[in-house]
$ cat my_file03.pdb   # PDB, N, CA and C atoms
ATOM      1  N   MET A  16      18.561  24.845 -25.372
ATOM      2  CA  MET A  16      17.192  24.734 -25.834
ATOM      3  C   MET A  16      16.295  24.401 -24.650
ATOM      4  N   LYS A  17      15.273  25.182 -24.437
ATOM      5  CA  LYS A  17      14.347  24.946 -23.333
ATOM      6  C   LYS A  17      13.322  23.891 -23.726
ATOM      7  N   ARG A  18      12.924  23.130 -22.744
ATOM      8  CA  ARG A  18      11.868  22.153 -22.989
ATOM      9  C   ARG A  18      10.523  22.853 -23.043
ATOM     10  N   LYS A  19       9.666  22.313 -23.859
ATOM     11  CA  LYS A  19       8.301  22.828 -23.915
ATOM     12  C   LYS A  19       7.526  22.310 -22.712
ATOM     13  N   THR A  20       6.713  23.143 -22.127
ATOM     14  CA  THR A  20       5.867  22.657 -21.041
ATOM     15  C   THR A  20       4.646  21.993 -21.658
ATOM     16  N   THR A  21       4.274  20.883 -21.111
ATOM     17  CA  THR A  21       3.144  20.140 -21.653
ATOM     18  C   THR A  21       1.924  20.324 -20.769
ATOM     19  N   GLN A  22       0.779  20.302 -21.384
ATOM     20  CA  GLN A  22      -0.468  20.427 -20.652
ATOM     21  C   GLN A  22      -0.808  19.107 -19.951
ATOM     22  N   LYS A  23      -0.543  18.005 -20.644
ATOM     23  CA  LYS A  23      -0.898  16.683 -20.122
ATOM     24  C   LYS A  23       0.361  15.907 -19.762
ATOM     25  N   LYS A  24       0.190  14.903 -18.931
ATOM     26  CA  LYS A  24       1.268  13.961 -18.662
ATOM     27  C   LYS A  24       1.429  13.091 -19.909
ATOM     28  N   TYR A  25       2.644  12.626 -20.169
ATOM     29  CA  TYR A  25       2.891  11.850 -21.384
ATOM     30  C   TYR A  25       1.995  10.623 -21.481
ATOM     31  N   TRP A  26       1.762   9.954 -20.366
ATOM     32  CA  TRP A  26       0.953   8.719 -20.394
ATOM     33  C   TRP A  26      -0.534   9.003 -20.590
ATOM     34  N   GLU A  27      -0.935  10.271 -20.531
ATOM     35  CA  GLU A  27      -2.332  10.630 -20.779
ATOM     36  C   GLU A  27      -2.547  11.131 -22.204
ATOM     37  N   MET A  28      -1.470  11.294 -22.986
ATOM     38  CA  MET A  28      -1.565  11.845 -24.342
ATOM     39  C   MET A  28      -1.981  10.789 -25.352
ATOM     40  N   THR A  29      -2.595  11.251 -26.423
ATOM     41  CA  THR A  29      -2.872  10.381 -27.556
ATOM     42  C   THR A  29      -1.564  10.164 -28.302
ATOM     43  N   THR A  30      -1.544   9.234 -29.227
ATOM     44  CA  THR A  30      -0.339   8.970 -30.004
ATOM     45  C   THR A  30       0.115  10.214 -30.755
ATOM     46  N   ALA A  31      -0.819  10.937 -31.351
ATOM     47  CA  ALA A  31      -0.474  12.148 -32.102
ATOM     48  C   ALA A  31       0.093  13.226 -31.180
ATOM     49  N   GLU A  32      -0.518  13.402 -30.028
ATOM     50  CA  GLU A  32      -0.033  14.403 -29.068
ATOM     51  C   GLU A  32       1.359  14.036 -28.564
ATOM     52  N   LEU A  33       1.574  12.762 -28.302
ATOM     53  CA  LEU A  33       2.870  12.303 -27.820
ATOM     54  C   LEU A  33       3.945  12.503 -28.896
ATOM     55  N   ALA A  34       3.597  12.206 -30.144
ATOM     56  CA  ALA A  34       4.541  12.408 -31.243
ATOM     57  C   ALA A  34       4.921  13.881 -31.367
ATOM     58  N   GLU A  35       3.965  14.765 -31.240
ATOM     59  CA  GLU A  35       4.221  16.211 -31.311
ATOM     60  C   GLU A  35       5.091  16.669 -30.143
ATOM     61  N   ALA A  36       4.797  16.188 -28.947
ATOM     62  CA  ALA A  36       5.524  16.616 -27.747
ATOM     63  C   ALA A  36       6.968  16.122 -27.732
ATOM     64  N   THR A  37       7.244  15.010 -28.412
ATOM     65  CA  THR A  37       8.582  14.422 -28.373
ATOM     66  C   THR A  37       9.331  14.506 -29.696
ATOM     67  N   LYS A  38       8.841  15.283 -30.644
ATOM     68  CA  LYS A  38       9.459  15.320 -31.971
ATOM     69  C   LYS A  38      10.894  15.843 -31.947
ATOM     70  N   GLU A  39      11.261  16.624 -30.935
ATOM     71  CA  GLU A  39      12.634  17.135 -30.854
ATOM     72  C   GLU A  39      13.644  16.001 -30.665
ATOM     73  N   PHE A  40      13.193  14.835 -30.216
ATOM     74  CA  PHE A  40      14.084  13.709 -29.980
ATOM     75  C   PHE A  40      14.135  12.733 -31.163
ATOM     76  N   ASP A  41      13.433  13.031 -32.249
ATOM     77  CA  ASP A  41      13.381  12.122 -33.386
ATOM     78  C   ASP A  41      14.683  12.074 -34.176
ATOM     79  N   GLY A  42      15.389  13.175 -34.278
ATOM     80  CA  GLY A  42      16.630  13.216 -35.057
ATOM     81  C   GLY A  42      17.841  12.984 -34.182
ATOM     82  N   GLU A  43      19.005  13.201 -34.777
ATOM     83  CA  GLU A  43      20.236  13.079 -34.019
ATOM     84  C   GLU A  43      20.375  14.262 -33.077
ATOM     85  N   ILE A  44      21.067  14.046 -31.982
ATOM     86  CA  ILE A  44      21.284  15.105 -31.009
ATOM     87  C   ILE A  44      22.547  15.865 -31.382
ATOM     88  N   ASP A  45      22.470  17.183 -31.379
ATOM     89  CA  ASP A  45      23.604  18.032 -31.684
ATOM     90  C   ASP A  45      24.657  17.863 -30.589
ATOM     91  N   GLU A  46      25.871  17.500 -30.970
ATOM     92  CA  GLU A  46      26.928  17.240 -29.992
ATOM     93  C   GLU A  46      27.295  18.471 -29.177
ATOM     94  N   SER A  47      26.986  19.649 -29.669
ATOM     95  CA  SER A  47      27.311  20.865 -28.918
ATOM     96  C   SER A  47      26.463  20.973 -27.647
ATOM     97  N   ARG A  48      25.395  20.190 -27.552
ATOM     98  CA  ARG A  48      24.545  20.195 -26.357
ATOM     99  C   ARG A  48      25.161  19.386 -25.219
ATOM    100  N   PHE A  49      26.171  18.557 -25.524
ATOM    101  CA  PHE A  49      26.801  17.733 -24.503
ATOM    102  C   PHE A  49      27.824  18.542 -23.720
ATOM    103  N   LYS A  50      27.906  18.275 -22.432
ATOM    104  CA  LYS A  50      28.910  18.910 -21.585
ATOM    105  C   LYS A  50      29.179  17.991 -20.408
ATOM    106  N   PRO A  51      30.325  18.139 -19.764
ATOM    107  CA  PRO A  51      30.590  17.319 -18.577
ATOM    108  C   PRO A  51      29.611  17.676 -17.458
ATOM    109  N   LEU A  52      29.358  16.713 -16.592
ATOM    110  CA  LEU A  52      28.485  16.971 -15.446
ATOM    111  C   LEU A  52      29.184  17.878 -14.444
ATOM    112  N   SER A  53      28.412  18.767 -13.845
ATOM    113  CA  SER A  53      28.947  19.594 -12.764
ATOM    114  C   SER A  53      29.132  18.705 -11.534
ATOM    115  N   PRO A  54      29.893  19.152 -10.543
ATOM    116  CA  PRO A  54      30.045  18.333  -9.334
ATOM    117  C   PRO A  54      28.694  17.984  -8.689
ATOM    118  N   LYS A  55      27.751  18.902  -8.694
ATOM    119  CA  LYS A  55      26.426  18.645  -8.122
ATOM    120  C   LYS A  55      25.678  17.592  -8.946
ATOM    121  N   GLU A  56      25.741  17.728 -10.284
ATOM    122  CA  GLU A  56      25.084  16.753 -11.166
ATOM    123  C   GLU A  56      25.741  15.383 -11.028
ATOM    124  N   ARG A  57      27.087  15.351 -10.928
ATOM    125  CA  ARG A  57      27.818  14.090 -10.781
ATOM    126  C   ARG A  57      27.415  13.394  -9.478
ATOM    127  N   ALA A  58      27.292  14.161  -8.393
ATOM    128  CA  ALA A  58      26.895  13.581  -7.109
ATOM    129  C   ALA A  58      25.489  12.988  -7.210
ATOM    130  N   ALA A  59      24.579  13.705  -7.873
ATOM    131  CA  ALA A  59      23.216  13.199  -8.040
ATOM    132  C   ALA A  59      23.218  11.926  -8.888
ATOM    133  N   TRP A  60      24.007  11.917  -9.976
ATOM    134  CA  TRP A  60      24.106  10.747 -10.853
ATOM    135  C   TRP A  60      24.656   9.547 -10.078
ATOM    136  N   ASP A  61      25.729   9.761  -9.310
ATOM    137  CA  ASP A  61      26.321   8.670  -8.536
ATOM    138  C   ASP A  61      25.335   8.118  -7.521
ATOM    139  N   LYS A  62      24.540   8.982  -6.913
ATOM    140  CA  LYS A  62      23.544   8.545  -5.934
ATOM    141  C   LYS A  62      22.478   7.677  -6.606
ATOM    142  N   ILE A  63      22.038   8.103  -7.782
ATOM    143  CA  ILE A  63      21.032   7.339  -8.525
ATOM    144  C   ILE A  63      21.579   5.974  -8.917
ATOM    145  N   MET A  64      22.805   5.954  -9.418
ATOM    146  CA  MET A  64      23.386   4.699  -9.891
ATOM    147  C   MET A  64      23.694   3.730  -8.751
ATOM    148  N   ALA A  65      23.934   4.247  -7.553
ATOM    149  CA  ALA A  65      24.231   3.388  -6.407
ATOM    150  C   ALA A  65      22.972   2.760  -5.818
ATOM    151  N   ALA A  66      21.820   3.385  -6.074
ATOM    152  CA  ALA A  66      20.560   2.881  -5.516
ATOM    153  C   ALA A  66      20.112   1.632  -6.266
ATOM    154  N   PRO A  67      19.453   0.719  -5.585
ATOM    155  CA  PRO A  67      18.946  -0.464  -6.281
ATOM    156  C   PRO A  67      17.836  -0.074  -7.258
ATOM    157  N   ALA A  68      17.780  -0.787  -8.355
ATOM    158  CA  ALA A  68      16.741  -0.523  -9.348
ATOM    159  C   ALA A  68      15.394  -0.951  -8.790
ATOM    160  N   LYS A  69      14.399  -0.151  -9.007
ATOM    161  CA  LYS A  69      13.049  -0.468  -8.558
ATOM    162  C   LYS A  69      12.106  -0.372  -9.744
ATOM    163  N   SER A  70      11.234  -1.315  -9.847
ATOM    164  CA  SER A  70      10.253  -1.323 -10.913
ATOM    165  C   SER A  70       8.988  -0.631 -10.430
ATOM    166  N   ILE A  71       8.346   0.111 -11.330
ATOM    167  CA  ILE A  71       7.084   0.736 -10.965
ATOM    168  C   ILE A  71       5.912   0.000 -11.597
ATOM    169  N   MET A  72       6.201  -1.104 -12.268
ATOM    170  CA  MET A  72       5.129  -1.883 -12.869
ATOM    171  C   MET A  72       4.378  -2.641 -11.792
ATOM    172  N   LEU A  73       3.088  -2.723 -11.936
ATOM    173  CA  LEU A  73       2.275  -3.507 -11.013
ATOM    174  C   LEU A  73       2.087  -4.894 -11.614
ATOM    175  N   ARG A  74       2.375  -5.889 -10.827
ATOM    176  CA  ARG A  74       2.263  -7.259 -11.316
ATOM    177  C   ARG A  74       1.460  -8.071 -10.303
ATOM    178  N   SER A  75       0.754  -9.042 -10.805
ATOM    179  CA  SER A  75       0.097  -9.948  -9.869
ATOM    180  C   SER A  75       1.141 -10.971  -9.443
ATOM    181  N   LYS A  76       1.129 -11.330  -8.194
ATOM    182  CA  LYS A  76       2.106 -12.285  -7.660
ATOM    183  C   LYS A  76       1.435 -13.636  -7.469
ATOM    184  N   ARG A  77       2.180 -14.674  -7.771
ATOM    185  CA  ARG A  77       1.715 -16.026  -7.550
ATOM    186  C   ARG A  77       2.883 -16.810  -6.979
ATOM    187  N   THR A  78       2.644 -17.535  -5.940
ATOM    188  CA  THR A  78       3.683 -18.314  -5.294
ATOM    189  C   THR A  78       3.838 -19.648  -6.006
ATOM    190  N   VAL A  79       5.090 -19.975  -6.336
ATOM    191  CA  VAL A  79       5.387 -21.269  -6.949
ATOM    192  C   VAL A  79       6.512 -21.919  -6.157
ATOM    193  N   GLU A  80       6.498 -23.216  -6.109
ATOM    194  CA  GLU A  80       7.536 -23.948  -5.393
ATOM    195  C   GLU A  80       8.528 -24.500  -6.396
ATOM    196  N   ILE A  81       9.811 -24.204  -6.175
ATOM    197  CA  ILE A  81      10.866 -24.717  -7.047
ATOM    198  C   ILE A  81      11.988 -25.265  -6.183
ATOM    199  N   SER A  82      12.814 -26.104  -6.769
ATOM    200  CA  SER A  82      13.969 -26.656  -6.058
ATOM    201  C   SER A  82      15.234 -25.998  -6.588
ATOM    202  N   ILE A  83      16.068 -25.494  -5.657
ATOM    203  CA  ILE A  83      17.321 -24.841  -6.023
ATOM    204  C   ILE A  83      18.414 -25.408  -5.125
ATOM    205  N   ASP A  84      19.576 -25.647  -5.699
ATOM    206  CA  ASP A  84      20.727 -26.132  -4.955
ATOM    207  C   ASP A  84      20.998 -25.200  -3.770
ATOM    208  N   PRO A  85      21.215 -25.739  -2.584
ATOM    209  CA  PRO A  85      21.446 -24.905  -1.390
ATOM    210  C   PRO A  85      22.615 -23.926  -1.534
ATOM    211  N   LYS A  86      23.679 -24.332  -2.234
ATOM    212  CA  LYS A  86      24.809 -23.415  -2.451
ATOM    213  C   LYS A  86      24.383 -22.234  -3.325
ATOM    214  N   LEU A  87      23.525 -22.498  -4.287
ATOM    215  CA  LEU A  87      23.016 -21.427  -5.143
ATOM    216  C   LEU A  87      22.128 -20.478  -4.339
ATOM    217  N   VAL A  88      21.333 -21.023  -3.427
ATOM    218  CA  VAL A  88      20.486 -20.184  -2.569
ATOM    219  C   VAL A  88      21.364 -19.257  -1.729
ATOM    220  N   ASP A  89      22.476 -19.781  -1.197
ATOM    221  CA  ASP A  89      23.391 -18.944  -0.416
ATOM    222  C   ASP A  89      23.963 -17.816  -1.267
ATOM    223  N   ALA A  90      24.337 -18.134  -2.512
ATOM    224  CA  ALA A  90      24.875 -17.108  -3.414
ATOM    225  C   ALA A  90      23.805 -16.071  -3.748
ATOM    226  N   ILE A  91      22.581 -16.527  -4.002
ATOM    227  CA  ILE A  91      21.467 -15.618  -4.294
ATOM    228  C   ILE A  91      21.238 -14.684  -3.112
ATOM    229  N   ASP A  92      21.216 -15.235  -1.915
ATOM    230  CA  ASP A  92      20.989 -14.417  -0.717
ATOM    231  C   ASP A  92      22.089 -13.377  -0.532
ATOM    232  N   SER A  93      23.330 -13.766  -0.800
ATOM    233  CA  SER A  93      24.451 -12.842  -0.660
ATOM    234  C   SER A  93      24.340 -11.676  -1.644
ATOM    235  N   ILE A  94      24.050 -11.990  -2.895
ATOM    236  CA  ILE A  94      23.913 -10.941  -3.910
ATOM    237  C   ILE A  94      22.698 -10.065  -3.619
ATOM    238  N   ALA A  95      21.595 -10.688  -3.243
ATOM    239  CA  ALA A  95      20.378  -9.927  -2.937
ATOM    240  C   ALA A  95      20.626  -8.943  -1.796
ATOM    241  N   LYS A  96      21.367  -9.388  -0.783
ATOM    242  CA  LYS A  96      21.662  -8.503   0.348
ATOM    243  C   LYS A  96      22.494  -7.308  -0.111
ATOM    244  N   LYS A  97      23.508  -7.553  -0.945
ATOM    245  CA  LYS A  97      24.359  -6.465  -1.449
ATOM    246  C   LYS A  97      23.564  -5.467  -2.277
ATOM    247  N   LYS A  98      22.567  -5.957  -3.014
ATOM    248  CA  LYS A  98      21.771  -5.096  -3.888
ATOM    249  C   LYS A  98      20.500  -4.570  -3.214
ATOM    250  N   HIS A  99      20.347  -4.891  -1.925
ATOM    251  CA  HIS A  99      19.174  -4.450  -1.150
ATOM    252  C   HIS A  99      17.865  -4.927  -1.795
ATOM    253  N   LEU A 100      17.870  -6.195  -2.196
ATOM    254  CA  LEU A 100      16.697  -6.825  -2.795
ATOM    255  C   LEU A 100      16.301  -8.030  -1.959
ATOM    256  N   THR A 101      15.072  -8.470  -2.132
ATOM    257  CA  THR A 101      14.683  -9.734  -1.534
ATOM    258  C   THR A 101      15.160 -10.849  -2.459
ATOM    259  N   ARG A 102      15.169 -12.064  -1.940
ATOM    260  CA  ARG A 102      15.534 -13.209  -2.768
ATOM    261  C   ARG A 102      14.604 -13.299  -3.980
ATOM    262  N   SER A 103      13.306 -13.124  -3.747
ATOM    263  CA  SER A 103      12.331 -13.210  -4.841
ATOM    264  C   SER A 103      12.570 -12.139  -5.902
ATOM    265  N   GLU A 104      12.876 -10.918  -5.456
ATOM    266  CA  GLU A 104      13.129  -9.831  -6.416
ATOM    267  C   GLU A 104      14.347 -10.129  -7.277
ATOM    268  N   LEU A 105      15.422 -10.643  -6.659
ATOM    269  CA  LEU A 105      16.630 -10.965  -7.412
ATOM    270  C   LEU A 105      16.373 -12.072  -8.429
ATOM    271  N   ILE A 106      15.687 -13.123  -8.001
ATOM    272  CA  ILE A 106      15.381 -14.228  -8.912
ATOM    273  C   ILE A 106      14.491 -13.726 -10.045
ATOM    274  N   GLU A 107      13.497 -12.906  -9.729
ATOM    275  CA  GLU A 107      12.606 -12.377 -10.757
ATOM    276  C   GLU A 107      13.378 -11.545 -11.770
ATOM    277  N   GLN A 108      14.287 -10.682 -11.297
ATOM    278  CA  GLN A 108      15.075  -9.870 -12.222
ATOM    279  C   GLN A 108      15.936 -10.748 -13.125
ATOM    280  N   GLY A 109      16.538 -11.781 -12.546
ATOM    281  CA  GLY A 109      17.361 -12.681 -13.347
ATOM    282  C   GLY A 109      16.559 -13.408 -14.410
ATOM    283  N   LEU A 110      15.383 -13.883 -14.028
ATOM    284  CA  LEU A 110      14.534 -14.583 -15.001
ATOM    285  C   LEU A 110      14.039 -13.648 -16.093
ATOM    286  N   ARG A 111      13.666 -12.424 -15.713
ATOM    287  CA  ARG A 111      13.228 -11.446 -16.720
ATOM    288  C   ARG A 111      14.359 -11.141 -17.703
ATOM    289  N   GLY A 112      15.579 -11.047 -17.190
ATOM    290  CA  GLY A 112      16.726 -10.814 -18.066
ATOM    291  C   GLY A 112      16.943 -11.949 -19.040
ATOM    292  N   MET A 113      16.831 -13.180 -18.559
ATOM    293  CA  MET A 113      16.994 -14.336 -19.433
ATOM    294  C   MET A 113      15.899 -14.404 -20.487
ATOM    295  N   ILE A 114      14.669 -14.075 -20.088
ATOM    296  CA  ILE A 114      13.555 -14.071 -21.041
ATOM    297  C   ILE A 114      13.785 -13.012 -22.110
ATOM    298  N   ALA A 115      14.247 -11.827 -21.693
ATOM    299  CA  ALA A 115      14.497 -10.748 -22.650
ATOM    300  C   ALA A 115      15.606 -11.125 -23.633
ATOM    301  N   LEU A 116      16.631 -11.808 -23.147
ATOM    302  CA  LEU A 116      17.726 -12.227 -24.018
ATOM    303  C   LEU A 116      17.307 -13.301 -25.001
ATOM    304  N   SER A 117      16.356 -14.130 -24.612
ATOM    305  CA  SER A 117      15.951 -15.233 -25.499
ATOM    306  C   SER A 117      14.872 -14.813 -26.488
ATOM    307  N   ALA A 118      14.342 -13.605 -26.343
ATOM    308  CA  ALA A 118      13.264 -13.160 -27.250
ATOM    309  C   ALA A 118      13.807 -12.749 -28.599
TER
END

$ encode --input "my_file03.pdb" --output "structure tokens"
Amino acid sequence: MKRKTTQKKYWEMTTAELAEATKEFDGEIDESRFKPLSPKERAAWDKIMAAPAKSIMLRSKRTVEISIDPKLVDAIDSIAKKKHLTRSELIEQGLRGMIALSA
């Protein structure tokens, strides 16, 4: 099934236009549409999954001072380095995750 080409970007559409453009995804997906990834698709997928997650949301930043156990700071720095994040980005992601879980 080919995708319909849209005149507008999804974020520029009205609710009604967006509902019309995405109605094919409202029901269950026919399992016959599923297939294994080709080697090229698998390589692209692996590359995407290996990259660090990046947010495209714009947020205002405010500096706050907090106290953290020095051993915990070392662990945070180690994980942040492995994930190619700054210390602040790692802490922010962790806090956002905890907030989402508690909601």

$ select_by_dssp --input "my_file03.pdb" --residues "range 24-115 of chain A" --states "helix (DSSP H, G or I)" --output "compact mmCIF listing (two decimals) with N, CA and C atoms, in the coordinates of the input"
# COMPACT_ATOMS: atom_id res chain seq x y z
N TYR A 25 2.64 12.63 -20.17
CA TYR A 25 2.89 11.85 -21.38
C TYR A 25 2.00 10.62 -21.48
N TRP A 26 1.76 9.95 -20.37
CA TRP A 26 0.95 8.72 -20.39
C TRP A 26 -0.53 9.00 -20.59
N GLU A 27 -0.94 10.27 -20.53
CA GLU A 27 -2.33 10.63 -20.78
C GLU A 27 -2.55 11.13 -22.20
N THR A 30 -1.54 9.23 -29.23
CA THR A 30 -0.34 8.97 -30.00
C THR A 30 0.12 10.21 -30.76
N ALA A 31 -0.82 10.94 -31.35
CA ALA A 31 -0.47 12.15 -32.10
C ALA A 31 0.09 13.23 -31.18
N GLU A 32 -0.52 13.40 -30.03
CA GLU A 32 -0.03 14.40 -29.07
C GLU A 32 1.36 14.04 -28.56
N LEU A 33 1.57 12.76 -28.30
CA LEU A 33 2.87 12.30 -27.82
C LEU A 33 3.94 12.50 -28.90
N ALA A 34 3.60 12.21 -30.14
CA ALA A 34 4.54 12.41 -31.24
C ALA A 34 4.92 13.88 -31.37
N GLU A 35 3.96 14.76 -31.24
CA GLU A 35 4.22 16.21 -31.31
C GLU A 35 5.09 16.67 -30.14
N ALA A 36 4.80 16.19 -28.95
CA ALA A 36 5.52 16.62 -27.75
C ALA A 36 6.97 16.12 -27.73
N LYS A 38 8.84 15.28 -30.64
CA LYS A 38 9.46 15.32 -31.97
C LYS A 38 10.89 15.84 -31.95
N GLU A 39 11.26 16.62 -30.94
CA GLU A 39 12.63 17.14 -30.85
C GLU A 39 13.64 16.00 -30.66
N PHE A 40 13.19 14.84 -30.22
CA PHE A 40 14.08 13.71 -29.98
C PHE A 40 14.14 12.73 -31.16
N GLU A 46 25.87 17.50 -30.97
CA GLU A 46 26.93 17.24 -29.99
C GLU A 46 27.30 18.47 -29.18
N SER A 47 26.99 19.65 -29.67
CA SER A 47 27.31 20.86 -28.92
C SER A 47 26.46 20.97 -27.65
N ARG A 48 25.40 20.19 -27.55
CA ARG A 48 24.54 20.20 -26.36
C ARG A 48 25.16 19.39 -25.22
N PRO A 54 29.89 19.15 -10.54
CA PRO A 54 30.04 18.33 -9.33
C PRO A 54 28.69 17.98 -8.69
N LYS A 55 27.75 18.90 -8.69
CA LYS A 55 26.43 18.64 -8.12
C LYS A 55 25.68 17.59 -8.95
N GLU A 56 25.74 17.73 -10.28
CA GLU A 56 25.08 16.75 -11.17
C GLU A 56 25.74 15.38 -11.03
N ARG A 57 27.09 15.35 -10.93
CA ARG A 57 27.82 14.09 -10.78
C ARG A 57 27.42 13.39 -9.48
N ALA A 58 27.29 14.16 -8.39
CA ALA A 58 26.90 13.58 -7.11
C ALA A 58 25.49 12.99 -7.21
N ALA A 59 24.58 13.70 -7.87
CA ALA A 59 23.22 13.20 -8.04
C ALA A 59 23.22 11.93 -8.89
N TRP A 60 24.01 11.92 -9.98
CA TRP A 60 24.11 10.75 -10.85
C TRP A 60 24.66 9.55 -10.08
N ASP A 61 25.73 9.76 -9.31
CA ASP A 61 26.32 8.67 -8.54
C ASP A 61 25.34 8.12 -7.52
N LYS A 62 24.54 8.98 -6.91
CA LYS A 62 23.54 8.54 -5.93
C LYS A 62 22.48 7.68 -6.61
N ILE A 63 22.04 8.10 -7.78
CA ILE A 63 21.03 7.34 -8.52
C ILE A 63 21.58 5.97 -8.92
N MET A 64 22.80 5.95 -9.42
CA MET A 64 23.39 4.70 -9.89
C MET A 64 23.69 3.73 -8.75
N ALA A 65 23.93 4.25 -7.55
CA ALA A 65 24.23 3.39 -6.41
C ALA A 65 22.97 2.76 -5.82
N PRO A 85 21.22 -25.74 -2.58
CA PRO A 85 21.45 -24.90 -1.39
C PRO A 85 22.62 -23.93 -1.53
N LYS A 86 23.68 -24.33 -2.23
CA LYS A 86 24.81 -23.42 -2.45
C LYS A 86 24.38 -22.23 -3.32
N LEU A 87 23.52 -22.50 -4.29
CA LEU A 87 23.02 -21.43 -5.14
C LEU A 87 22.13 -20.48 -4.34
N VAL A 88 21.33 -21.02 -3.43
CA VAL A 88 20.49 -20.18 -2.57
C VAL A 88 21.36 -19.26 -1.73
N ASP A 89 22.48 -19.78 -1.20
CA ASP A 89 23.39 -18.94 -0.42
C ASP A 89 23.96 -17.82 -1.27
N ALA A 90 24.34 -18.13 -2.51
CA ALA A 90 24.88 -17.11 -3.41
C ALA A 90 23.80 -16.07 -3.75
N ILE A 91 22.58 -16.53 -4.00
CA ILE A 91 21.47 -15.62 -4.29
C ILE A 91 21.24 -14.68 -3.11
N ASP A 92 21.22 -15.24 -1.92
CA ASP A 92 20.99 -14.42 -0.72
C ASP A 92 22.09 -13.38 -0.53
N SER A 93 23.33 -13.77 -0.80
CA SER A 93 24.45 -12.84 -0.66
C SER A 93 24.34 -11.68 -1.64
N ILE A 94 24.05 -11.99 -2.90
CA ILE A 94 23.91 -10.94 -3.91
C ILE A 94 22.70 -10.06 -3.62
N ALA A 95 21.60 -10.69 -3.24
CA ALA A 95 20.38 -9.93 -2.94
C ALA A 95 20.63 -8.94 -1.80
N LYS A 96 21.37 -9.39 -0.78
CA LYS A 96 21.66 -8.50 0.35
C LYS A 96 22.49 -7.31 -0.11
N LYS A 97 23.51 -7.55 -0.94
CA LYS A 97 24.36 -6.46 -1.45
C LYS A 97 23.56 -5.47 -2.28
N ARG A 102 15.17 -12.06 -1.94
CA ARG A 102 15.53 -13.21 -2.77
C ARG A 102 14.60 -13.30 -3.98
N SER A 103 13.31 -13.12 -3.75
CA SER A 103 12.33 -13.21 -4.84
C SER A 103 12.57 -12.14 -5.90
N GLU A 104 12.88 -10.92 -5.46
CA GLU A 104 13.13 -9.83 -6.42
C GLU A 104 14.35 -10.13 -7.28
N LEU A 105 15.42 -10.64 -6.66
CA LEU A 105 16.63 -10.96 -7.41
C LEU A 105 16.37 -12.07 -8.43
N ILE A 106 15.69 -13.12 -8.00
CA ILE A 106 15.38 -14.23 -8.91
C ILE A 106 14.49 -13.73 -10.04
N GLU A 107 13.50 -12.91 -9.73
CA GLU A 107 12.61 -12.38 -10.76
C GLU A 107 13.38 -11.54 -11.77
N GLN A 108 14.29 -10.68 -11.30
CA GLN A 108 15.08 -9.87 -12.22
C GLN A 108 15.94 -10.75 -13.12
N GLY A 109 16.54 -11.78 -12.55
CA GLY A 109 17.36 -12.68 -13.35
C GLY A 109 16.56 -13.41 -14.41
N LEU A 110 15.38 -13.88 -14.03
CA LEU A 110 14.53 -14.58 -15.00
C LEU A 110 14.04 -13.65 -16.09
N ARG A 111 13.67 -12.42 -15.71
CA ARG A 111 13.23 -11.45 -16.72
C ARG A 111 14.36 -11.14 -17.70
N GLY A 112 15.58 -11.05 -17.19
CA GLY A 112 16.73 -10.81 -18.07
C GLY A 112 16.94 -11.95 -19.04
N MET A 113 16.83 -13.18 -18.56
CA MET A 113 16.99 -14.34 -19.43
C MET A 113 15.90 -14.40 -20.49
N ILE A 114 14.67 -14.08 -20.09
CA ILE A 114 13.56 -14.07 -21.04
C ILE A 114 13.78 -13.01 -22.11
N ALA A 115 14.25 -11.83 -21.69
CA ALA A 115 14.50 -10.75 -22.65
C ALA A 115 15.61 -11.12 -23.63

$ atom_distance --input "my_file03.pdb" --atom1 "CA of Asp92 in chain A" --atom2 "CA of Lys62 in chain A"
23.7 Å

$ resolve_selection --input "my_file03.pdb" --expression "the PyMOL selection byres (((chain A and resi 104 and name CA) around 12) and name CA)" --output "PyMOL selection string"
chain A and resi 67-70+76+91-92+94-96+98-103+105-111

$ atom_distance --input "my_file03.pdb" --atom1 "atom C of Lys23 in chain A" --atom2 "CA of Glu39 in chain A"
16.6 Å

$ atom_distance --input "my_file03.pdb" --atom1 "atom N of Asp41 in chain A" --atom2 "atom N of Arg57 in chain A"
25.4 Å
